[in-house]
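A.B. asks: Provided below: model-v5.pdb, containing PDB, C-alpha atoms and all ligand atoms.
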```pdb
ATOM      1  CA  MET A 124      -3.816  -0.658 -19.870
ATOM      2  CA  LYS A 125      -1.104  -1.671 -22.306
ATOM      3  CA  LEU A 126      -0.068   0.791 -24.955
ATOM      4  CA  ILE A 127       2.540   1.385 -27.601
ATOM      5  CA  LEU A 128       3.588   4.959 -28.422
ATOM      6  CA  LEU A 129       5.148   5.135 -31.868
ATOM      7  CA  GLY A 130       6.800   8.134 -33.450
ATOM      8  CA  PRO A 131      10.169   9.444 -34.599
ATOM      9  CA  PRO A 132      12.775  10.944 -32.258
ATOM     10  CA  GLY A 133      11.550  14.280 -30.935
ATOM     11  CA  ALA A 134       7.869  13.495 -31.603
ATOM     12  CA  GLY A 135       6.983  13.985 -27.939
ATOM     13  CA  LYS A 136       6.553  10.324 -26.935
ATOM     14  CA  GLY A 137       8.341  10.850 -23.608
ATOM     15  CA  THR A 138       6.185  13.844 -22.648
ATOM     16  CA  GLN A 139       2.928  12.093 -23.488
ATOM     17  CA  ALA A 140       4.072   8.865 -21.824
ATOM     18  CA  GLN A 141       4.730  10.782 -18.586
ATOM     19  CA  ARG A 142       1.204  12.186 -18.658
ATOM     20  CA  LEU A 143      -0.278   8.728 -19.254
ATOM     21  CA  VAL A 144       1.775   7.339 -16.358
ATOM     22  CA  GLU A 145       0.295   9.962 -14.016
ATOM     23  CA  LYS A 146      -3.262   9.565 -15.284
ATOM     24  CA  HIS A 147      -3.491   5.776 -15.430
ATOM     25  CA  GLY A 148      -0.964   4.637 -12.821
ATOM     26  CA  ILE A 149       0.912   2.555 -15.346
ATOM     27  CA  VAL A 150       4.665   2.408 -15.987
ATOM     28  CA  GLN A 151       6.642   3.862 -18.879
ATOM     29  CA  LEU A 152       8.997   1.347 -20.440
ATOM     30  CA  SER A 153      11.476   3.277 -22.566
ATOM     31  CA  THR A 154      14.064   1.010 -24.171
ATOM     32  CA  GLY A 155      16.205   4.124 -24.808
ATOM     33  CA  ASP A 156      16.202   4.960 -21.054
ATOM     34  CA  MET A 157      16.922   1.336 -20.131
ATOM     35  CA  LEU A 158      19.805   1.139 -22.598
ATOM     36  CA  ARG A 159      21.245   4.479 -21.399
ATOM     37  CA  ALA A 160      21.104   3.120 -17.816
ATOM     38  CA  ALA A 161      22.901  -0.047 -18.970
ATOM     39  CA  VAL A 162      25.590   2.044 -20.708
ATOM     40  CA  LYS A 163      26.045   4.148 -17.574
ATOM     41  CA  ALA A 164      26.279   1.069 -15.362
ATOM     42  CA  GLY A 165      28.727  -0.570 -17.773
ATOM     43  CA  THR A 166      26.741  -3.840 -17.942
ATOM     44  CA  PRO A 167      27.446  -6.346 -20.765
ATOM     45  CA  VAL A 168      24.356  -5.025 -22.618
ATOM     46  CA  GLY A 169      25.556  -1.459 -22.074
ATOM     47  CA  LEU A 170      28.987  -2.243 -23.445
ATOM     48  CA  LYS A 171      27.445  -3.750 -26.588
ATOM     49  CA  ALA A 172      24.976  -0.868 -27.042
ATOM     50  CA  LYS A 173      27.182   2.155 -26.282
ATOM     51  CA  ASP A 174      28.804   2.860 -29.661
ATOM     52  CA  VAL A 175      25.781   1.779 -31.701
ATOM     53  CA  MET A 176      23.617   4.242 -29.775
ATOM     54  CA  ALA A 177      26.130   7.082 -30.037
ATOM     55  CA  ARG A 178      26.079   6.650 -33.825
ATOM     56  CA  GLY A 179      22.263   6.823 -33.879
ATOM     57  CA  GLU A 180      21.877   3.266 -35.145
ATOM     58  CA  LEU A 181      19.593   0.583 -33.740
ATOM     59  CA  VAL A 182      20.749  -1.895 -31.126
ATOM     60  CA  SER A 183      20.133  -5.535 -32.125
ATOM     61  CA  ASP A 184      16.611  -6.907 -31.845
ATOM     62  CA  ASP A 185      17.537  -9.748 -29.458
ATOM     63  CA  ILE A 186      19.037  -7.316 -26.928
ATOM     64  CA  VAL A 187      15.978  -5.052 -26.739
ATOM     65  CA  VAL A 188      13.486  -7.923 -26.931
ATOM     66  CA  GLY A 189      15.274  -9.574 -23.987
ATOM     67  CA  ILE A 190      15.208  -6.335 -21.983
ATOM     68  CA  ILE A 191      11.468  -5.854 -22.559
ATOM     69  CA  GLU A 192      10.572  -9.470 -21.847
ATOM     70  CA  ASP A 193      12.345  -9.297 -18.463
ATOM     71  CA  ARG A 194      10.824  -5.912 -17.676
ATOM     72  CA  ILE A 195       7.153  -6.686 -18.376
ATOM     73  CA  ALA A 196       7.359  -9.649 -15.995
ATOM     74  CA  GLU A 197       8.211  -7.332 -13.086
ATOM     75  CA  PRO A 198       5.493  -6.672 -10.472
ATOM     76  CA  ASP A 199       5.136  -2.929 -11.190
ATOM     77  CA  CYS A 200       3.823  -3.767 -14.680
ATOM     78  CA  ILE A 201       0.741  -5.457 -13.250
ATOM     79  CA  ASN A 202      -1.519  -2.398 -13.898
ATOM     80  CA  GLY A 203      -0.139  -1.976 -17.392
ATOM     81  CA  PHE A 204       2.605  -0.202 -19.280
ATOM     82  CA  ILE A 205       3.435   2.166 -22.104
ATOM     83  CA  LEU A 206       6.079   1.000 -24.503
ATOM     84  CA  ASP A 207       8.064   4.053 -25.580
ATOM     85  CA  GLY A 208      10.679   3.445 -28.289
ATOM     86  CA  PHE A 209       9.776  -0.228 -28.662
ATOM     87  CA  PRO A 210       9.061  -1.995 -31.011
ATOM     88  CA  ARG A 211      11.303  -0.245 -33.529
ATOM     89  CA  THR A 212      11.477  -2.990 -36.170
ATOM     90  CA  VAL A 213       8.893  -5.396 -37.549
ATOM     91  CA  ALA A 214      10.920  -8.282 -36.040
ATOM     92  CA  GLN A 215      10.574  -6.621 -32.608
ATOM     93  CA  ALA A 216       6.814  -6.199 -33.172
ATOM     94  CA  GLU A 217       6.520  -9.902 -34.008
ATOM     95  CA  ALA A 218       8.592 -10.847 -30.962
ATOM     96  CA  LEU A 219       6.372  -8.591 -28.822
ATOM     97  CA  ASP A 220       3.219 -10.325 -30.118
ATOM     98  CA  ALA A 221       4.682 -13.716 -29.216
ATOM     99  CA  MET A 222       5.796 -12.538 -25.776
ATOM    100  CA  LEU A 223       2.403 -10.957 -24.954
ATOM    101  CA  THR A 224       0.686 -14.197 -25.937
ATOM    102  CA  ARG A 225       3.089 -16.172 -23.709
ATOM    103  CA  HIS A 226       2.301 -13.857 -20.781
ATOM    104  CA  GLY A 227      -1.464 -13.904 -21.488
ATOM    105  CA  LEU A 228      -1.459 -10.135 -22.208
ATOM    106  CA  LYS A 229      -3.162  -8.071 -24.894
ATOM    107  CA  LEU A 230      -2.412  -4.562 -26.200
ATOM    108  CA  ASP A 231      -5.138  -1.959 -25.773
ATOM    109  CA  ALA A 232      -3.869   0.511 -28.381
ATOM    110  CA  VAL A 233      -1.005   1.519 -30.624
ATOM    111  CA  ILE A 234      -0.759   5.298 -30.966
ATOM    112  CA  GLU A 235       1.440   6.962 -33.537
ATOM    113  CA  LEU A 236       2.527  10.592 -33.123
ATOM    114  CA  GLU A 237       2.890  12.003 -36.617
ATOM    115  CA  VAL A 238       5.388  14.861 -37.011
ATOM    116  CA  ASP A 239       7.154  16.660 -39.892
ATOM    117  CA  GLU A 240      10.861  15.953 -40.107
ATOM    118  CA  ALA A 241      11.812  19.652 -40.243
ATOM    119  CA  ILE A 242       9.970  20.185 -36.952
ATOM    120  CA  LEU A 243      11.762  17.239 -35.346
ATOM    121  CA  ILE A 244      15.175  18.664 -36.050
ATOM    122  CA  GLU A 245      14.057  22.018 -34.658
ATOM    123  CA  ARG A 246      12.619  20.356 -31.509
ATOM    124  CA  ILE A 247      15.757  18.380 -30.814
ATOM    125  CA  GLU A 248      17.939  21.465 -31.355
ATOM    126  CA  THR A 249      15.743  23.343 -28.858
ATOM    127  CA  ARG A 250      15.984  20.444 -26.372
ATOM    128  CA  VAL A 251      19.780  20.441 -26.669
ATOM    129  CA  ALA A 252      19.978  24.243 -26.257
ATOM    130  CA  GLU A 253      17.715  24.153 -23.165
ATOM    131  CA  MET A 254      19.677  21.320 -21.561
ATOM    132  CA  THR A 255      22.979  23.054 -22.266
ATOM    133  CA  ALA A 256      21.617  26.290 -20.739
ATOM    134  CA  ARG A 257      20.594  24.356 -17.595
ATOM    135  CA  GLY A 258      24.079  22.855 -17.429
ATOM    136  CA  GLU A 259      22.733  19.329 -18.014
ATOM    137  CA  ALA A 260      24.622  16.647 -19.903
ATOM    138  CA  VAL A 261      23.451  16.339 -23.492
ATOM    139  CA  ARG A 262      22.823  12.839 -24.903
ATOM    140  CA  PRO A 263      25.745  11.635 -27.041
ATOM    141  CA  ASP A 264      23.277  10.963 -29.893
ATOM    142  CA  ASP A 265      21.738  14.473 -29.832
ATOM    143  CA  ASN A 266      24.099  15.853 -32.479
ATOM    144  CA  ALA A 267      23.502  16.519 -36.180
ATOM    145  CA  ALA A 268      25.208  13.367 -37.523
ATOM    146  CA  ALA A 269      23.582  10.948 -35.068
ATOM    147  CA  LEU A 270      20.219  12.648 -35.434
ATOM    148  CA  HIS A 271      20.372  12.205 -39.191
ATOM    149  CA  LYS A 272      21.062   8.473 -38.624
ATOM    150  CA  ARG A 273      18.244   8.174 -36.081
ATOM    151  CA  LEU A 274      15.763   9.669 -38.535
ATOM    152  CA  GLU A 275      17.071   7.393 -41.277
ATOM    153  CA  ALA A 276      16.652   4.360 -38.980
ATOM    154  CA  TYR A 277      13.126   5.517 -38.214
ATOM    155  CA  ARG A 278      12.192   5.837 -41.872
ATOM    156  CA  ALA A 279      13.738   2.540 -42.936
ATOM    157  CA  GLN A 280      13.096   0.300 -39.937
ATOM    158  CA  THR A 281      10.397   1.801 -37.711
ATOM    159  CA  ALA A 282       7.902   3.302 -40.181
ATOM    160  CA  PRO A 283       7.040  -0.280 -41.313
ATOM    161  CA  VAL A 284       6.047  -1.040 -37.701
ATOM    162  CA  ALA A 285       3.189   1.483 -38.053
ATOM    163  CA  SER A 286       2.030  -0.357 -41.195
ATOM    164  CA  TYR A 287       2.313  -3.666 -39.307
ATOM    165  CA  TYR A 288      -0.197  -2.450 -36.693
ATOM    166  CA  ALA A 289      -2.336  -0.579 -39.244
ATOM    167  CA  SER A 290      -2.828  -3.800 -41.206
ATOM    168  CA  ARG A 291      -4.134  -5.390 -37.984
ATOM    169  CA  GLY A 292      -6.547  -2.471 -37.440
ATOM    170  CA  ALA A 293      -4.745  -1.504 -34.212
ATOM    171  CA  LEU A 294      -3.113   1.806 -35.209
ATOM    172  CA  HIS A 295      -4.400   5.226 -34.167
ATOM    173  CA  ALA A 296      -2.613   8.258 -35.602
ATOM    174  CA  VAL A 297      -2.440  11.550 -33.700
ATOM    175  CA  ASP A 298      -1.165  14.904 -34.983
ATOM    176  CA  GLY A 299       2.035  15.265 -32.984
ATOM    177  CA  MET A 300       2.545  18.827 -34.223
ATOM    178  CA  ALA A 301      -0.488  20.092 -32.284
ATOM    179  CA  PRO A 302       0.123  21.811 -28.922
ATOM    180  CA  ILE A 303       1.111  19.347 -26.162
ATOM    181  CA  ASP A 304      -2.249  19.540 -24.321
ATOM    182  CA  GLN A 305      -4.140  18.959 -27.540
ATOM    183  CA  VAL A 306      -2.054  15.840 -28.265
ATOM    184  CA  THR A 307      -2.806  14.614 -24.711
ATOM    185  CA  LYS A 308      -6.518  15.200 -25.349
ATOM    186  CA  ALA A 309      -6.460  13.352 -28.675
ATOM    187  CA  ILE A 310      -4.775  10.373 -27.011
ATOM    188  CA  ALA A 311      -7.321  10.404 -24.173
ATOM    189  CA  GLU A 312     -10.167  10.357 -26.695
ATOM    190  CA  ILE A 313      -8.676   7.312 -28.408
ATOM    191  CA  LEU A 314      -8.272   5.506 -25.086
ATOM    192  CA  ASP A 315     -11.835   6.387 -24.007
ATOM    193  CA  THR A 316     -13.397   4.724 -27.008
TER     194      THR A 316
HETATM  195  P1  LIG B   1      15.474   6.722 -27.723
HETATM  196  O1  LIG B   1      15.749   7.208 -26.347
HETATM  197  O2  LIG B   1      14.176   5.964 -27.826
HETATM  198  O3  LIG B   1      15.583   7.809 -28.759
HETATM  199  O4  LIG B   1      16.615   5.644 -28.077
HETATM  200  C1  LIG B   1      17.978   6.006 -28.114
HETATM  201  C2  LIG B   1      18.778   4.940 -28.847
HETATM  202  O5  LIG B   1      18.672   3.692 -28.128
HETATM  203  C3  LIG B   1      18.319   4.612 -30.255
HETATM  204  O6  LIG B   1      18.831   5.514 -31.218
HETATM  205  C4  LIG B   1      18.891   3.218 -30.422
HETATM  206  O7  LIG B   1      20.297   3.237 -30.626
HETATM  207  C5  LIG B   1      18.643   2.612 -29.049
HETATM  208  N1  LIG B   1      17.303   1.988 -28.968
HETATM  209  C6  LIG B   1      16.271   2.368 -28.156
HETATM  210  N2  LIG B   1      15.216   1.568 -28.322
HETATM  211  C7  LIG B   1      15.566   0.670 -29.273
HETATM  212  C8  LIG B   1      14.894  -0.414 -29.896
HETATM  213  N3  LIG B   1      13.618  -0.720 -29.583
HETATM  214  N4  LIG B   1      15.573  -1.123 -30.836
HETATM  215  C9  LIG B   1      16.848  -0.845 -31.143
HETATM  216  N5  LIG B   1      17.537   0.174 -30.620
HETATM  217  C10 LIG B   1      16.904   0.922 -29.674
END
```
Starting from the file, lay out its structure as structure tokens.

C.D. replies:
Amino acid sequence: MKLILLGPPGAGKGTQAQRLVEKHGIVQLSTGDMLRAAVKAGTPVGLKAKDVMARGELVSDDIVVGIIEDRIAEPDCINGFILDGFPRTVAQAEALDAMLTRHGLKLDAVIELEVDEAILIERIETRVAEMTARGEAVRPDDNAAALHKRLEAYRAQTAPVASYYASRGALHAVDGMAPIDQVTKAIAEILDT
């Protein structure tokens, strides 16, 4: 099973992706997680991405497309994968189409979690407060200024990706403001049909 989970920051993509991983035995490919690992390891990609990410802006298309192309060729992707946080621009979606064709792969579904912006800000503030209370390190882009930029990037560059898949009849929208289990159920219903 090969899926894309679309949705703004704080929409719950990570939570739902984890549940899909457990249910279907597929892997979660989060470009955000991969980039954070690259930053931590101080790789050339990490060095290029670090400041851009901290500002809440998007890393260049060729960097993330390269990361995903390498990753989907790895053996653990054989049963399928969930793309979480990718594609984030129409150019990335086009590059993904070309790469899937090259690898003889086809997407099963594109699922968009729809959420109100006011709720997103609240959710991210809660996440930050909970992490701080647990003594965990907070992401450098989980602050008001970077969050504002991340939402702006979503509106300007990622919302058109939903239209890209909608125009191909591949997009399924789910109410991301429903309780977590209900969102999981709605996704399962889409995947069952
Ligand atoms: P995320 O964990 O998905 O919220 O991503 C955190 C940050 O990583 C984003 O704000 C971007 O700076 C960068 N990033 C993650 N995925 C992408 C992508 N597909 N294209 C460009 N930048 C990305």

A.B. asks: What does the list of residues within 6 Å of ligand LIG 1 (chain B) look like if you count only C-alpha atoms and all ligand atoms, written as a list in words?

C.D. replies: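 Checking only C-alpha atoms and all ligand atoms against ligand LIG 1 (chain B) at 6 Å gives Pro132, Thr154, Gly155, Asp156, Val175, Met176, Gly179, Glu180, Leu181, Val182, Ser183, Asp184, Val187, Gly208, Phe209, Pro210, Arg211 and Arg273 of chain A.
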
A.B. asks: Between atom CA of Glu192 of chain A and atom CA of Ala311 of chain A, what is the distance in Å, rounded to a tenth?

C.D. replies: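 Atom CA of Ala311 of chain A lies at a distance of 26.8 Å from atom CA of Glu192 of chain A.
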
A.B. asks: Taking the file as I've supplied it (selection: the PyMOL selection byres (((chain A and resi 276) around 10) and not hetatm)), which residues are included? Please answer as a list in words.

C.D. replies: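 Output of the PyMOL selection byres (((chain A and resi 276) around 10) and not hetatm): Pro131, Gly179, Glu180, Leu181, Arg211, Thr212, Leu270, His271, Lys272, Arg273, Leu274, Glu275, Tyr277, Arg278, Ala279, Gln280, Thr281 and Ala282 of chain A.
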
A.B. asks: Nearest residue to Val233 of chain A out of A:Asp207, A:Glu245, A:Asp298, A:Asp264, using all atoms listed in the file?

C.D. replies: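 That would be A:Asp207, the residue with the smallest distance to Val233 of chain A.
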
A.B. asks: Might I get the box with edges along x, y and z of the file that holds all atoms of segment 252-256 of chain A listed there, padded by 4 Å on every side, given as centre and edge lengths in Å to one decimal, as JSON?

C.D. replies:
```
{"center_x": 20.3, "center_y": 23.8, "center_z": -23.5, "size_x": 13.3, "size_y": 13.0, "size_z": 13.5}
```

A.B. asks: With the file shown as input, list the residues that the PyMOL selection byres (((chain A and resi 293) around 12) and not hetatm) selects, as a list in words.

C.D. replies: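 For this structure, the PyMOL selection byres (((chain A and resi 293) around 12) and not hetatm) captures Leu126, Ile127, Lys229, Leu230, Asp231, Ala232, Val233, Ile234, Glu235, Val284, Ala285, Ser286, Tyr287, Tyr288, Ala289, Ser290, Arg291, Gly292, Leu294, His295, Ala296 and Ile313 of chain A.
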
A.B. asks: As a list in words, please: the residues near Arg159 of chain A (cut-off 10 Å, all atoms listed in the file, same-chain neighbours under 5 positions excluded).

C.D. replies: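 Here the qualifying residues turn out to be Ser153, Thr154, Ala164, Gly165, Gly169, Ala172, Lys173, Met176 and Arg262 of chain A.
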
A.B. asks: Just to confirm, what's the straight-line distance from atom CA of Asp193 of chain A to atom CA of Leu236 of chain A in Å (one decimal)?

C.D. replies: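 Between atom CA of Asp193 of chain A and atom CA of Leu236 of chain A the gap is 26.6 Å.
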
A.B. asks: Could you tell me which residues the PyMOL selection byres (((chain A and resi 248-255) around 12) and not hetatm) grabs in this file, written as an MDAnalysis selection string?

C.D. replies: chainID A and resid 132:135 241:247 256:267 270

A.B. asks: Pick from A:Leu158, A:Ile190, A:Val144, A:Leu228: nearest to Thr307 of chain A, with only C-alpha atoms counted?

C.D. replies: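 Comparing A:Leu158, A:Ile190, A:Val144, A:Leu228 against Thr307 of chain A, the winner is A:Val144.
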
A.B. asks: For Leu170 of chain A, which of A:Leu128, A:Ala268, A:Pro198, A:Ile186 is the closest residue, counting only C-alpha atoms?

C.D. replies: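 Closest residue, counting only C-alpha atoms: A:Ile186.
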
A.B. asks: From the options A:Ala161, A:Leu129, A:Lys171, A:Gln139, which residue's atoms come nearest to Gln305 of chain A, counting all atoms listed in the file?

C.D. replies: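 Looking only at the distances to Gln305 of chain A, the closest residue turns out to be A:Gln139.
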
A.B. asks: Can you list, as an MDAnalysis selection string, every protein, DNA or RNA residue that comes within 8 Å of Met300 of chain A when you count all atoms listed in the file, leaving out same-chain residues fewer than 4 positions away?

C.D. replies: chainID A and resid 134 237:239

A.B. asks: Suppose you want the space between atom CA of Thr316 of chain A and atom CA of Phe204 of chain A; what is it in Å?

C.D. replies: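 That distance, rounded to one decimal, is 18.4 Å.
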
A.B. asks: Counting only C-alpha atoms, figure out which residue out of A:Gly299, A:Gly189, A:Gly148, A:Gly203 gets nearest to Gly130 of chain A.

C.D. replies: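 With only C-alpha atoms as the atom set, the closest residue is A:Gly299.
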
A.B. asks: Identify which of the residues A:Arg178, A:Asp185, A:His147, A:Met124 lies closest to Glu217 of chain A, counting all atoms listed in the file when measuring atom-to-atom distances.

C.D. replies: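 Of the candidates, the smallest distance to Glu217 of chain A is held by A:Asp185.
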